[in-house]
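Chemist: My file is model23.csv. It has CSV, C-alpha atoms:
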```csv
chain,number,residue,atom,x,y,z
A,20,MET,CA,120.3,93.3,120.1
A,21,LYS,CA,117.7,96.0,119.4
A,22,LEU,CA,116.1,97.2,116.2
A,23,ILE,CA,115.7,100.9,116.5
A,24,ILE,CA,113.3,102.5,114.1
A,25,HIS,CA,113.0,106.3,114.3
A,26,ASP,CA,112.0,109.4,112.4
A,27,LEU,CA,114.5,111.8,114.0
A,28,ASP,CA,117.2,113.7,112.1
A,29,GLN,CA,120.6,112.3,112.7
A,30,ASP,CA,121.7,115.2,114.8
A,31,THR,CA,118.7,114.8,117.2
A,32,LEU,CA,119.2,111.0,117.3
A,33,SER,CA,122.8,111.4,118.3
A,34,ARG,CA,121.8,113.7,121.2
A,35,VAL,CA,119.1,111.5,122.6
A,36,LEU,CA,120.3,107.9,122.1
A,37,LEU,CA,123.6,106.0,122.0
A,38,PRO,CA,122.8,102.7,120.2
A,39,GLY,CA,124.7,99.5,121.2
A,40,ALA,CA,127.4,98.2,118.9
A,41,GLU,CA,125.1,95.3,117.7
A,42,ASP,CA,121.9,97.4,117.5
A,43,ARG,CA,120.4,98.0,114.1
A,44,VAL,CA,119.2,101.6,113.5
A,45,VAL,CA,116.8,102.4,110.7
A,46,GLN,CA,115.8,105.9,110.0
A,47,ALA,CA,112.3,106.5,108.6
A,48,THR,CA,112.4,109.3,106.0
A,49,THR,CA,110.0,110.7,103.5
A,50,GLY,CA,110.1,109.7,99.8
A,51,LYS,CA,110.5,106.0,100.4
A,52,ARG,CA,108.4,103.4,98.6
A,53,HIS,CA,105.3,102.4,100.5
A,54,CYS,CA,103.7,99.0,100.7
A,55,ILE,CA,101.6,98.3,97.6
A,56,GLY,CA,99.7,95.3,99.0
A,57,CYS,CA,101.3,92.9,96.5
A,58,PHE,CA,101.9,90.2,99.3
A,59,GLU,CA,105.0,89.0,97.5
A,60,CYS,CA,106.7,89.2,100.9
A,61,TRP,CA,104.6,86.2,101.6
A,62,THR,CA,104.4,84.4,98.2
A,63,LYS,CA,107.4,85.3,96.0
A,64,HIS,CA,110.2,86.4,98.4
A,65,PRO,CA,108.9,85.0,101.7
A,66,GLY,CA,110.1,87.1,104.6
A,67,GLU,CA,111.4,90.2,102.8
A,68,CYS,CA,109.9,93.2,101.0
A,69,ILE,CA,110.0,93.1,97.2
A,70,PHE,CA,111.5,96.6,97.0
A,71,GLN,CA,115.2,96.3,97.1
A,72,ASP,CA,116.0,99.4,99.1
A,73,ARG,CA,117.4,99.7,102.6
A,74,TYR,CA,114.1,98.6,104.2
A,75,HIS,CA,113.7,95.3,102.4
A,76,GLY,CA,115.4,93.3,105.1
A,77,LEU,CA,113.4,94.8,108.0
A,78,PRO,CA,111.2,91.8,108.6
A,79,ALA,CA,114.2,89.5,108.9
A,80,ILE,CA,115.8,91.8,111.4
A,81,MET,CA,112.6,91.9,113.4
A,82,GLY,CA,112.8,88.1,113.5
A,83,HIS,CA,116.2,88.1,115.2
A,84,VAL,CA,116.2,90.9,117.8
A,85,GLU,CA,115.3,91.0,121.5
A,86,GLU,CA,113.7,94.4,121.4
A,87,ILE,CA,112.1,96.7,118.8
A,88,LEU,CA,112.4,100.3,119.9
A,89,ILE,CA,110.3,102.8,117.9
A,90,ILE,CA,110.7,106.5,118.2
A,91,SER,CA,108.0,108.4,116.3
A,92,ARG,CA,106.3,111.7,116.1
A,93,LEU,CA,102.8,111.3,117.3
A,94,TRP,CA,100.4,111.6,114.3
A,95,TYR,CA,96.8,111.9,115.3
A,96,GLY,CA,97.1,108.9,117.7
A,97,SER,CA,99.4,106.9,115.3
A,98,TYR,CA,103.0,106.6,114.3
A,99,SER,CA,104.1,109.2,111.9
A,100,PRO,CA,103.5,108.4,108.2
A,101,GLU,CA,107.3,107.8,107.8
A,102,VAL,CA,107.4,105.2,110.6
A,103,LYS,CA,104.1,103.6,109.6
A,104,LEU,CA,105.6,103.1,106.2
A,105,LEU,CA,108.2,100.9,107.7
A,106,MET,CA,105.7,99.0,109.7
A,107,ASP,CA,103.5,98.4,106.6
A,108,ARG,CA,106.6,97.0,104.8
A,109,SER,CA,107.4,94.7,107.6
A,110,ILE,CA,104.5,92.2,107.4
A,111,GLY,CA,106.9,89.6,106.1
A,112,VAL,CA,107.8,89.0,109.8
A,113,VAL,CA,104.6,86.9,109.9
A,114,GLN,CA,103.2,84.3,107.6
A,115,PRO,CA,100.0,84.7,105.6
A,116,ASP,CA,98.3,81.7,107.3
A,117,PHE,CA,95.8,82.5,110.0
A,118,VAL,CA,95.8,81.4,113.6
A,119,GLU,CA,93.6,82.4,116.5
A,120,ARG,CA,95.0,84.5,119.4
A,121,GLU,CA,92.9,86.0,122.1
A,122,GLY,CA,89.7,85.0,120.3
A,123,ARG,CA,90.5,86.7,117.0
A,124,MET,CA,92.2,85.8,113.8
A,125,HIS,CA,95.8,86.8,113.4
A,126,HIS,CA,98.7,85.7,111.2
A,127,LYS,CA,101.0,82.8,112.1
A,128,LEU,CA,104.4,83.8,113.3
A,129,ARG,CA,107.5,83.3,111.1
A,130,TYR,CA,110.0,83.6,113.9
A,131,THR,CA,110.1,82.6,117.5
A,132,ASN,CA,112.1,85.4,119.0
A,133,GLN,CA,109.2,87.4,120.6
A,134,PRO,CA,110.9,90.7,121.0
A,135,LYS,CA,109.9,93.4,123.5
A,136,LEU,CA,108.2,96.3,121.8
A,137,THR,CA,108.9,99.7,123.2
A,138,VAL,CA,107.5,102.8,121.6
A,139,TRP,CA,108.2,106.4,122.4
A,140,PHE,CA,106.0,109.0,120.9
A,141,TYR,CA,107.2,112.6,120.8
A,142,ASP,CA,105.3,115.9,120.0
A,143,ASP,CA,102.6,114.7,122.4
A,144,GLN,CA,100.2,117.5,123.4
A,145,GLY,CA,98.9,115.7,126.5
A,146,ASP,CA,95.6,114.8,124.9
A,147,ILE,CA,94.4,111.7,126.7
A,148,GLU,CA,92.2,110.6,123.8
A,149,GLU,CA,95.2,110.7,121.4
A,150,GLN,CA,97.4,108.8,123.9
A,151,THR,CA,94.7,106.1,124.2
A,152,LEU,CA,94.5,105.7,120.5
A,153,ALA,CA,98.3,105.3,120.3
A,154,ARG,CA,98.4,102.8,123.1
A,155,ASP,CA,95.7,100.8,121.4
A,156,LEU,CA,97.7,100.8,118.2
A,157,VAL,CA,100.9,99.5,120.0
A,158,ARG,CA,98.8,96.9,121.8
A,159,ARG,CA,97.3,95.7,118.6
A,160,ASN,CA,100.7,95.6,116.9
A,161,MET,CA,101.9,93.5,119.9
A,162,LEU,CA,99.1,91.0,119.4
A,163,ASN,CA,99.9,90.7,115.6
A,164,PHE,CA,103.6,90.4,116.1
A,165,THR,CA,103.2,88.5,119.4
A,166,THR,CA,105.9,90.4,121.3
A,167,ALA,CA,106.7,89.4,124.8
A,168,GLU,CA,105.9,92.8,126.4
A,169,TRP,CA,105.2,96.2,125.2
A,170,SER,CA,104.9,99.8,126.3
A,171,ALA,CA,103.8,103.1,124.7
A,172,ASN,CA,105.4,106.2,126.2
A,173,PHE,CA,104.9,109.9,125.5
A,174,VAL,CA,107.0,113.0,125.7
A,175,GLY,CA,106.3,116.6,124.6
A,176,SER,CA,109.3,117.0,122.3
A,177,ALA,CA,112.1,115.0,120.7
A,178,GLN,CA,114.6,116.8,122.9
A,179,GLU,CA,112.9,115.3,126.0
A,180,LEU,CA,113.8,111.9,124.8
A,181,ALA,CA,117.4,112.5,126.0
A,182,GLY,CA,116.6,111.9,129.6
A,183,VAL,CA,114.4,108.8,129.2
A,184,LEU,CA,115.9,106.5,126.5
B,22,MET,CA,75.3,117.7,97.7
B,23,LYS,CA,79.0,117.4,96.8
B,24,ILE,CA,80.6,114.1,97.8
B,25,ALA,CA,84.3,113.2,97.5
B,26,LEU,CA,85.0,109.4,97.4
B,27,ILE,CA,88.6,108.4,98.0
B,28,ASN,CA,90.0,105.0,97.2
B,29,GLY,CA,93.0,104.7,99.5
B,30,SER,CA,94.2,101.3,98.2
B,31,PRO,CA,97.7,101.4,96.7
B,32,LYS,CA,96.7,98.6,94.3
B,33,PRO,CA,96.5,99.6,90.7
B,34,LYS,CA,93.7,97.1,90.1
B,35,ASN,CA,91.5,94.5,91.7
B,36,SER,CA,91.3,96.3,95.1
B,37,ILE,CA,88.5,95.5,97.5
B,38,SER,CA,88.4,99.2,98.4
B,39,GLY,CA,87.7,99.9,94.7
B,40,LEU,CA,84.8,97.5,94.6
B,41,LEU,CA,83.4,99.0,97.8
B,42,LEU,CA,83.8,102.5,96.5
B,43,GLN,CA,82.1,101.7,93.2
B,44,ARG,CA,79.2,100.2,95.0
B,45,ILE,CA,78.8,103.3,97.2
B,46,GLU,CA,79.0,105.5,94.2
B,47,ARG,CA,76.2,103.5,92.5
B,48,LEU,CA,74.1,103.6,95.7
B,49,ILE,CA,74.5,107.4,95.8
B,50,GLY,CA,73.0,107.7,92.4
B,51,THR,CA,73.1,110.5,90.0
B,52,GLU,CA,71.4,113.3,91.9
B,53,HIS,CA,74.5,114.3,93.7
B,54,GLU,CA,77.9,115.7,92.5
B,55,VAL,CA,80.3,112.8,93.2
B,56,ARG,CA,84.0,113.2,92.7
B,57,THR,CA,86.2,110.1,93.0
B,58,SER,CA,89.9,110.1,93.5
B,59,VAL,CA,92.5,107.3,93.9
B,60,TRP,CA,95.2,108.0,96.5
B,61,ARG,CA,97.7,105.3,95.5
B,62,HIS,CA,100.8,107.3,96.2
B,63,ALA,CA,102.1,109.3,99.1
B,64,SER,CA,101.7,112.7,97.5
B,65,LEU,CA,98.9,114.5,95.7
B,66,ASN,CA,99.2,117.3,93.1
B,67,ASP,CA,97.1,120.4,93.2
B,68,ASP,CA,94.7,119.1,90.6
B,69,GLN,CA,94.0,116.0,92.7
B,70,LEU,CA,93.6,118.1,95.8
B,71,ALA,CA,91.3,120.6,94.1
B,72,GLU,CA,89.2,117.8,92.8
B,73,VAL,CA,88.2,116.6,96.3
B,74,THR,CA,88.3,119.8,98.4
B,75,GLY,CA,85.2,121.9,99.0
B,76,SER,CA,82.9,118.9,99.2
B,77,ASP,CA,80.2,118.5,101.8
B,78,ALA,CA,81.3,115.0,102.6
B,79,LEU,CA,84.6,113.2,102.4
B,80,VAL,CA,84.5,109.4,102.3
B,81,LEU,CA,87.7,107.5,102.8
B,82,VAL,CA,87.6,103.9,101.6
B,83,PHE,CA,90.8,102.0,102.4
B,84,PRO,CA,92.3,98.7,103.5
B,85,LEU,CA,93.6,98.1,107.0
B,86,TYR,CA,97.4,98.2,107.1
B,87,VAL,CA,99.1,96.9,110.3
B,88,ASP,CA,96.1,97.9,112.5
B,89,GLY,CA,95.9,101.4,111.1
B,90,ILE,CA,95.8,103.6,108.1
B,91,PRO,CA,98.2,102.8,105.1
B,92,ALA,CA,101.2,105.1,105.4
B,93,HIS,CA,100.8,106.6,101.9
B,94,GLN,CA,97.2,107.6,102.7
B,95,MET,CA,98.3,109.2,106.0
B,96,ALA,CA,100.7,111.4,103.9
B,97,CYS,CA,97.8,112.2,101.5
B,98,MET,CA,95.6,113.1,104.5
B,99,ASP,CA,98.3,115.6,105.6
B,100,ALA,CA,98.4,117.0,102.1
B,101,TYR,CA,94.6,117.4,102.2
B,102,THR,CA,94.6,119.3,105.5
B,103,ARG,CA,97.5,121.5,104.3
B,104,TYR,CA,95.6,122.3,101.1
B,105,THR,CA,92.3,123.0,102.7
B,106,HIS,CA,92.0,126.8,103.2
B,107,PRO,CA,91.5,127.7,106.8
B,108,GLY,CA,88.3,129.6,105.9
B,109,ALA,CA,86.9,127.0,103.6
B,110,ALA,CA,83.9,124.9,104.4
B,111,LYS,CA,84.8,121.8,106.3
B,112,PRO,CA,83.6,118.4,105.1
B,113,LYS,CA,81.9,115.8,107.2
B,114,VAL,CA,84.1,112.7,107.1
B,115,TYR,CA,83.1,109.1,106.7
B,116,ALA,CA,85.2,106.0,106.4
B,117,VAL,CA,85.0,102.4,105.1
B,118,VAL,CA,87.8,100.1,106.1
B,119,ASN,CA,88.1,96.5,105.0
B,120,CYS,CA,90.5,93.9,106.5
B,121,GLY,CA,91.7,90.5,105.5
B,122,PHE,CA,91.0,89.1,109.0
B,123,TYR,CA,87.7,87.5,109.6
B,124,GLU,CA,86.5,89.7,112.4
B,125,ALA,CA,85.5,93.2,111.3
B,126,GLU,CA,86.4,94.6,114.7
B,127,HIS,CA,90.1,94.6,113.7
B,128,THR,CA,89.2,97.8,111.8
B,129,GLU,CA,87.9,99.6,114.9
B,130,LEU,CA,91.0,101.5,115.7
B,131,ALA,CA,91.6,102.7,112.1
B,132,LEU,CA,88.1,104.2,112.1
B,133,LYS,CA,88.8,105.9,115.3
B,134,LEU,CA,92.1,107.3,113.9
B,135,VAL,CA,90.3,108.8,111.0
B,136,ALA,CA,87.6,110.3,113.3
B,137,PHE,CA,90.4,111.8,115.5
B,138,TRP,CA,92.2,113.2,112.5
B,139,ALA,CA,88.9,114.8,111.4
B,140,LYS,CA,88.2,116.3,114.8
B,141,ARG,CA,91.7,117.7,115.2
B,142,ASN,CA,91.4,119.4,111.8
B,143,GLY,CA,88.0,120.9,112.5
B,144,PHE,CA,86.1,118.5,110.3
B,145,SER,CA,83.0,116.8,111.7
B,146,TRP,CA,82.8,113.0,111.9
B,147,GLY,CA,80.0,111.1,110.3
B,148,SER,CA,80.4,107.4,110.8
B,149,GLY,CA,82.5,104.4,109.9
B,150,LEU,CA,81.9,101.0,108.4
B,151,GLY,CA,84.4,98.2,109.2
B,152,ILE,CA,84.3,95.1,107.1
B,153,GLY,CA,86.0,91.8,107.9
B,154,ALA,CA,86.9,88.9,105.6
B,155,GLY,CA,87.7,91.3,102.8
B,156,GLY,CA,89.2,88.6,100.7
B,157,ALA,CA,85.7,87.1,100.3
B,158,LEU,CA,84.4,90.3,98.6
B,159,SER,CA,86.0,89.7,95.3
B,160,VAL,CA,83.4,87.1,94.4
B,161,GLY,CA,79.7,87.1,94.9
B,162,ARG,CA,78.6,90.2,93.1
B,163,THR,CA,76.1,91.1,90.4
B,164,PRO,CA,77.2,92.9,87.2
B,165,GLU,CA,76.0,96.1,89.0
B,166,GLY,CA,78.5,95.5,91.8
B,167,GLN,CA,75.8,94.5,94.3
B,168,PHE,CA,77.2,92.1,96.9
B,169,THR,CA,75.2,89.0,97.0
B,170,GLY,CA,75.1,85.5,98.6
B,171,SER,CA,77.2,85.3,101.7
B,172,ASN,CA,78.3,88.9,101.0
B,173,ALA,CA,74.7,90.1,101.4
B,174,PRO,CA,75.3,91.5,104.9
B,175,VAL,CA,78.0,93.7,103.5
B,176,GLU,CA,75.5,95.0,100.8
B,177,LYS,CA,73.0,95.7,103.6
B,178,ALA,CA,75.6,97.6,105.6
B,179,LEU,CA,76.7,99.6,102.5
B,180,ILE,CA,73.1,100.6,101.9
B,181,ALA,CA,72.6,101.8,105.5
B,182,PHE,CA,76.0,103.6,105.4
B,183,THR,CA,75.1,105.4,102.1
B,184,GLU,CA,71.7,106.4,103.5
B,185,ASN,CA,73.4,108.0,106.5
B,186,LEU,CA,75.9,109.7,104.2
B,187,LEU,CA,73.2,111.2,102.1
B,188,LYS,CA,71.4,112.5,105.2
B,189,MET,CA,74.8,113.8,106.5
B,190,GLU,CA,74.0,112.0,109.7
B,191,THR,CA,76.4,111.1,112.5
B,192,GLY,CA,76.2,107.6,113.9
B,193,PRO,CA,78.0,104.8,115.6
B,194,ASP,CA,80.6,102.8,113.7
B,195,VAL,CA,79.2,99.6,112.3
B,196,PHE,CA,81.1,96.3,111.8
B,197,VAL,CA,80.1,93.6,109.3
B,198,THR,CA,81.5,90.3,108.1
B,199,PRO,CA,80.2,88.1,105.2
B,200,ALA,CA,77.8,85.3,106.3
B,201,MET,CA,80.3,82.4,106.2
B,202,PRO,CA,81.9,80.5,109.1
B,203,ALA,CA,85.4,81.6,110.0
B,204,TRP,CA,86.8,78.1,109.3
B,205,ILE,CA,85.6,78.2,105.7
B,206,TYR,CA,87.1,81.7,105.2
B,207,LYS,CA,90.4,80.5,106.7
B,208,LYS,CA,90.5,77.3,104.6
B,209,ALA,CA,89.8,79.3,101.4
B,210,ALA,CA,92.5,81.8,102.3
B,211,HIS,CA,95.1,79.1,103.1
B,212,PHE,CA,94.2,77.4,99.7
B,213,ASN,CA,94.8,80.7,97.9
B,214,TRP,CA,98.1,81.4,99.6
B,215,ARG,CA,99.3,77.9,98.6
B,216,ARG,CA,98.2,78.3,95.0
B,217,SER,CA,99.9,81.7,94.9
B,218,ILE,CA,103.3,80.6,96.2
B,219,LYS,CA,103.3,77.6,93.8
B,220,ALA,CA,102.6,80.0,91.0
B,221,HIS,CA,105.8,81.7,91.9
B,222,GLY,CA,107.7,78.4,91.6
B,223,LEU,CA,108.1,77.9,95.4
B,224,LYS,CA,106.8,75.1,97.7
B,225,THR,CA,104.1,75.3,100.3
B,226,SER,CA,106.8,74.9,103.0
B,227,ASP,CA,108.3,78.2,101.8
B,228,LEU,CA,105.4,80.1,103.3
B,229,ALA,CA,107.1,79.5,106.6
B,230,ARG,CA,110.7,80.3,105.3
B,231,LYS,CA,113.0,81.8,107.9
B,232,LEU,CA,115.7,84.2,106.8
B,233,PRO,CA,119.0,84.7,108.5
B,234,LEU,CA,119.8,88.1,110.1
B,235,PRO,CA,120.7,90.4,107.3
B,236,ASP,CA,124.1,92.0,107.1
B,237,LYS,CA,124.6,95.0,109.4
B,238,ASP,CA,124.8,97.3,106.4
B,239,LEU,CA,121.4,97.0,104.8
```
Would you put the structure from the file into structure tokens?

Modeler:
Amino acid sequence: MKLIIHDLDQDTLSRVLLPGAEDRVVQATTGKRHCIGCFECWTKHPGECIFQDRYHGLPAIMGHVEEILIISRLWYGSYSPEVKLLMDRSIGVVQPDFVEREGRMHHKLRYTNQPKLTVWFYDDQGDIEEQTLARDLVRRNMLNFTTAEWSANFVGSAQELAGVL
Amino acid sequence: MKIALINGSPKPKNSISGLLLQRIERLIGTEHEVRTSVWRHASLNDDQLAEVTGSDALVLVFPLYVDGIPAHQMACMDAYTRYTHPGAAKPKVYAVVNCGFYEAEHTELALKLVAFWAKRNGFSWGSGLGIGAGGALSVGRTPEGQFTGSNAPVEKALIAFTENLLKMETGPDVFVTPAMPAWIYKKAAHFNWRRSIKAHGLKTSDLARKLPLPDKDL
């Protein structure tokens, strides 16, 4: 089972990807509530975002899937603001307590599933510096969420995803 | 010199970014035209944008969110670049990022992302300051906001950062963590999380609570 997070419109998504029957597909759109740093996903409702919209269960889904597939517009070396909003609201997938991994402090895991993390960035202009930043972001996310394996991939446009997903 | 100071924390009060911004503002002094703005939401109205555009320097002060820039601030940065007239003077961009992890180097990528955003939009990049153990900064300050005691290294770094800012210099990013052992910071953080969860009527073991897979239809 995969969790698919994307910022495509539904028409484009249907042309580039056919999700499996069990897959969870979450569309990142503008106008959604962003993380406010309340940490209540750790101390009041452990494991879920306090905002009761369609994103509040995301951390729990992350804790049960074999793969997290992210499809995002490339934004100055990062996920798009819409996709990043979902990532920010997903910190309930880990616990607040600290542990050391690879010589640095990270959060203790809440779940043991260790999903694969696959990211496809579109609207890539072929700038090596920007691709390096994006790869570093995904690698750092992998360390924080302790995924089993990861990859960051780039295509020039959303339409080009059709042949690679 | 016109300086725009942006607090990118979404917290309405008690944000570490707010404390850092206040300190920088005080260190800048009264000889310069300083405009401060709080970017708590994912959009900015024209008044908010007009307030901070046209400055010589733009200073973004924000917390690290999932290894990068908080999503709402990214949206505000987009609004800022859309609002800035193509022929208008371009600011020099500086950034101060604090994180809850002990090691300040966790902020390295977020600073690079801001620098890249600046470059892509034709702004020049000044320098960045990355601060670790952000949770320790809420204590150990004088009434003037000066960081003292184990937070003295942060004060020193803020002074150097502000001096560079006022000279409009470009420099390497600097990383600083309060002068306390990692194990003490970790122990204090764990104590606070336990106190916080108990205040919400839960048990310490609930910090590790696992939830079942949510229903298909979220």

Chemist: In Å, with one decimal, what is the gap from CA of Leu223 (chain B) to CA of Lys63 (chain A)?

Modeler: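 Separation of CA of Leu223 (chain B) and CA of Lys63 (chain A): 7.5 Å.
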
Chemist: What lies within 12 Å of Leu22 (chain A) using all atoms listed in the file, ignoring chain neighbours under 6 positions off, as a VMD selection string?

Modeler: (chain A and resid 38 to 46 76 to 90 134 to 138) or (chain B and resid 234 237)

Chemist: Using only C-alpha atoms, can you list as a PyMOL selection string the residues within 12 Å of (99.0, 109.4, 120.5)?

Modeler: (chain A and resi 91-99+138-157+171-175) or (chain B and resi 133-134+137-138)

Chemist: Using only C-alpha atoms, select each residue of chain B with any atom at most 6 Å away from an atom of chain A, and give the selection as a PyMOL selection string.

Modeler: chain B and resi 31-32+87+92+95-96+122+138+211+218+221+229+232+234+239

Chemist: For those residues, write C-alpha atoms to a file as a PDB file, in the frame of the given file.

Modeler:
```
ATOM      1  CA  PRO B  31      97.700 101.400  96.700  1.00  0.00           C
ATOM      2  CA  LYS B  32      96.700  98.600  94.300  1.00  0.00           C
ATOM      3  CA  VAL B  87      99.100  96.900 110.300  1.00  0.00           C
ATOM      4  CA  ALA B  92     101.200 105.100 105.400  1.00  0.00           C
ATOM      5  CA  MET B  95      98.300 109.200 106.000  1.00  0.00           C
ATOM      6  CA  ALA B  96     100.700 111.400 103.900  1.00  0.00           C
ATOM      7  CA  PHE B 122      91.000  89.100 109.000  1.00  0.00           C
ATOM      8  CA  TRP B 138      92.200 113.200 112.500  1.00  0.00           C
ATOM      9  CA  HIS B 211      95.100  79.100 103.100  1.00  0.00           C
ATOM     10  CA  ILE B 218     103.300  80.600  96.200  1.00  0.00           C
ATOM     11  CA  HIS B 221     105.800  81.700  91.900  1.00  0.00           C
ATOM     12  CA  ALA B 229     107.100  79.500 106.600  1.00  0.00           C
ATOM     13  CA  LEU B 232     115.700  84.200 106.800  1.00  0.00           C
ATOM     14  CA  LEU B 234     119.800  88.100 110.100  1.00  0.00           C
ATOM     15  CA  LEU B 239     121.400  97.000 104.800  1.00  0.00           C
TER      16      LEU B 239
END
```

Chemist: Between B:Ala78, B:Ala209, B:Ala178, B:Ala71, which one has atoms that come closest to Leu41 (chain B), using only C-alpha atoms?

Modeler: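 Nearest candidate to Leu41 (chain B) out of B:Ala78, B:Ala209, B:Ala178, B:Ala71: B:Ala178.
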
Chemist: For Cys97 (chain B), which of B:Val55, B:Ala125, B:Leu70, B:Ala200 is the closest residue, counting all atoms listed in the file?

Modeler: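 So, comparing all the options, the nearest one is B:Leu70.
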
Chemist: For the atom pair CA of Pro199 (chain B) and CA of Gly170 (chain B), what is the interatomic distance in Å to one decimal place?

Modeler: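 Atom-to-atom, CA of Pro199 (chain B) to CA of Gly170 (chain B), that is 8.7 Å.
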
Chemist: Identify, on the basis of only C-alpha atoms, every residue whose closest approach to Leu81 (chain B) does not exceed 7 Å; exclude the query and any residue fewer than 5 positions from it along the same chain; express the result as a list in words.

Modeler: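 Near neighbours after the sequence-gap exclusion: Leu26, Ile27, Asn28, Gly29, Tyr115, Ala116 and Val117 of chain B.
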
Chemist: Between B:Pro84, B:Arg141, B:Asp194, B:Val59, which one has atoms that come closest to Glu72 (chain B), using all atoms listed in the file?

Modeler: B:Val59

Chemist: What gap, in Å, lies between CA of Val73 (chain B) and CA of Ala25 (chain B)?

Modeler: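 Value for the CA of Val73 (chain B)-CA of Ala25 (chain B) distance: 5.3 Å.
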
Chemist: What lies within 12 Å of Gly147 (chain B) using only C-alpha atoms, ignoring chain neighbours under 3 positions off, as a PDB file with C-alpha atoms, in the frame of the given file?

Modeler:
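New file out-v8.pdb:
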```
ATOM      1  CA  ASP B  77      80.200 118.500 101.800  1.00  0.00           C
ATOM      2  CA  ALA B  78      81.300 115.000 102.600  1.00  0.00           C
ATOM      3  CA  LEU B  79      84.600 113.200 102.400  1.00  0.00           C
ATOM      4  CA  VAL B  80      84.500 109.400 102.300  1.00  0.00           C
ATOM      5  CA  LEU B  81      87.700 107.500 102.800  1.00  0.00           C
ATOM      6  CA  PRO B 112      83.600 118.400 105.100  1.00  0.00           C
ATOM      7  CA  LYS B 113      81.900 115.800 107.200  1.00  0.00           C
ATOM      8  CA  VAL B 114      84.100 112.700 107.100  1.00  0.00           C
ATOM      9  CA  TYR B 115      83.100 109.100 106.700  1.00  0.00           C
ATOM     10  CA  ALA B 116      85.200 106.000 106.400  1.00  0.00           C
ATOM     11  CA  VAL B 117      85.000 102.400 105.100  1.00  0.00           C
ATOM     12  CA  LEU B 132      88.100 104.200 112.100  1.00  0.00           C
ATOM     13  CA  LYS B 133      88.800 105.900 115.300  1.00  0.00           C
ATOM     14  CA  VAL B 135      90.300 108.800 111.000  1.00  0.00           C
ATOM     15  CA  ALA B 136      87.600 110.300 113.300  1.00  0.00           C
ATOM     16  CA  PHE B 137      90.400 111.800 115.500  1.00  0.00           C
ATOM     17  CA  ALA B 139      88.900 114.800 111.400  1.00  0.00           C
ATOM     18  CA  LYS B 140      88.200 116.300 114.800  1.00  0.00           C
ATOM     19  CA  PHE B 144      86.100 118.500 110.300  1.00  0.00           C
ATOM     20  CA  LEU B 150      81.900 101.000 108.400  1.00  0.00           C
ATOM     21  CA  PHE B 182      76.000 103.600 105.400  1.00  0.00           C
ATOM     22  CA  THR B 183      75.100 105.400 102.100  1.00  0.00           C
ATOM     23  CA  GLU B 184      71.700 106.400 103.500  1.00  0.00           C
ATOM     24  CA  ASN B 185      73.400 108.000 106.500  1.00  0.00           C
ATOM     25  CA  LEU B 186      75.900 109.700 104.200  1.00  0.00           C
ATOM     26  CA  LEU B 187      73.200 111.200 102.100  1.00  0.00           C
ATOM     27  CA  LYS B 188      71.400 112.500 105.200  1.00  0.00           C
ATOM     28  CA  MET B 189      74.800 113.800 106.500  1.00  0.00           C
ATOM     29  CA  GLU B 190      74.000 112.000 109.700  1.00  0.00           C
ATOM     30  CA  THR B 191      76.400 111.100 112.500  1.00  0.00           C
ATOM     31  CA  GLY B 192      76.200 107.600 113.900  1.00  0.00           C
ATOM     32  CA  PRO B 193      78.000 104.800 115.600  1.00  0.00           C
ATOM     33  CA  ASP B 194      80.600 102.800 113.700  1.00  0.00           C
ATOM     34  CA  VAL B 195      79.200  99.600 112.300  1.00  0.00           C
TER      35      VAL B 195
END
```

Chemist: Env of Tyr123 (chain B): 10 Å cut, atoms = all atoms listed in the file, seq-sep filter 4 positions within chain, self excluded. Answer as an MDAnalysis selection string.

Modeler: (chainID A and resid 117 123:125) or (chainID B and resid 127 152:157 197:199 201:204 206:207)

Chemist: Write out, as a PDB file, keeping the file's coordinate frame, the residues just selected, with C-alpha atoms.

Modeler:
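Result saved to again_30.pdb:
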```
ATOM      1  CA  PHE A 117      95.800  82.500 110.000  1.00  0.00           C
ATOM      2  CA  ARG A 123      90.500  86.700 117.000  1.00  0.00           C
ATOM      3  CA  MET A 124      92.200  85.800 113.800  1.00  0.00           C
ATOM      4  CA  HIS A 125      95.800  86.800 113.400  1.00  0.00           C
TER       5      HIS A 125
ATOM      6  CA  HIS B 127      90.100  94.600 113.700  1.00  0.00           C
ATOM      7  CA  ILE B 152      84.300  95.100 107.100  1.00  0.00           C
ATOM      8  CA  GLY B 153      86.000  91.800 107.900  1.00  0.00           C
ATOM      9  CA  ALA B 154      86.900  88.900 105.600  1.00  0.00           C
ATOM     10  CA  GLY B 155      87.700  91.300 102.800  1.00  0.00           C
ATOM     11  CA  GLY B 156      89.200  88.600 100.700  1.00  0.00           C
ATOM     12  CA  ALA B 157      85.700  87.100 100.300  1.00  0.00           C
ATOM     13  CA  VAL B 197      80.100  93.600 109.300  1.00  0.00           C
ATOM     14  CA  THR B 198      81.500  90.300 108.100  1.00  0.00           C
ATOM     15  CA  PRO B 199      80.200  88.100 105.200  1.00  0.00           C
ATOM     16  CA  MET B 201      80.300  82.400 106.200  1.00  0.00           C
ATOM     17  CA  PRO B 202      81.900  80.500 109.100  1.00  0.00           C
ATOM     18  CA  ALA B 203      85.400  81.600 110.000  1.00  0.00           C
ATOM     19  CA  TRP B 204      86.800  78.100 109.300  1.00  0.00           C
ATOM     20  CA  TYR B 206      87.100  81.700 105.200  1.00  0.00           C
ATOM     21  CA  LYS B 207      90.400  80.500 106.700  1.00  0.00           C
TER      22      LYS B 207
END
```

Chemist: Counting only C-alpha atoms, which of B:Lys231, B:Lys23, B:Lys224, B:Arg162 gets nearest to Gly75 (chain B)?

Modeler: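 Checking each of B:Lys231, B:Lys23, B:Lys224, B:Arg162 against Gly75 (chain B), counting only C-alpha atoms, the winner is B:Lys23.
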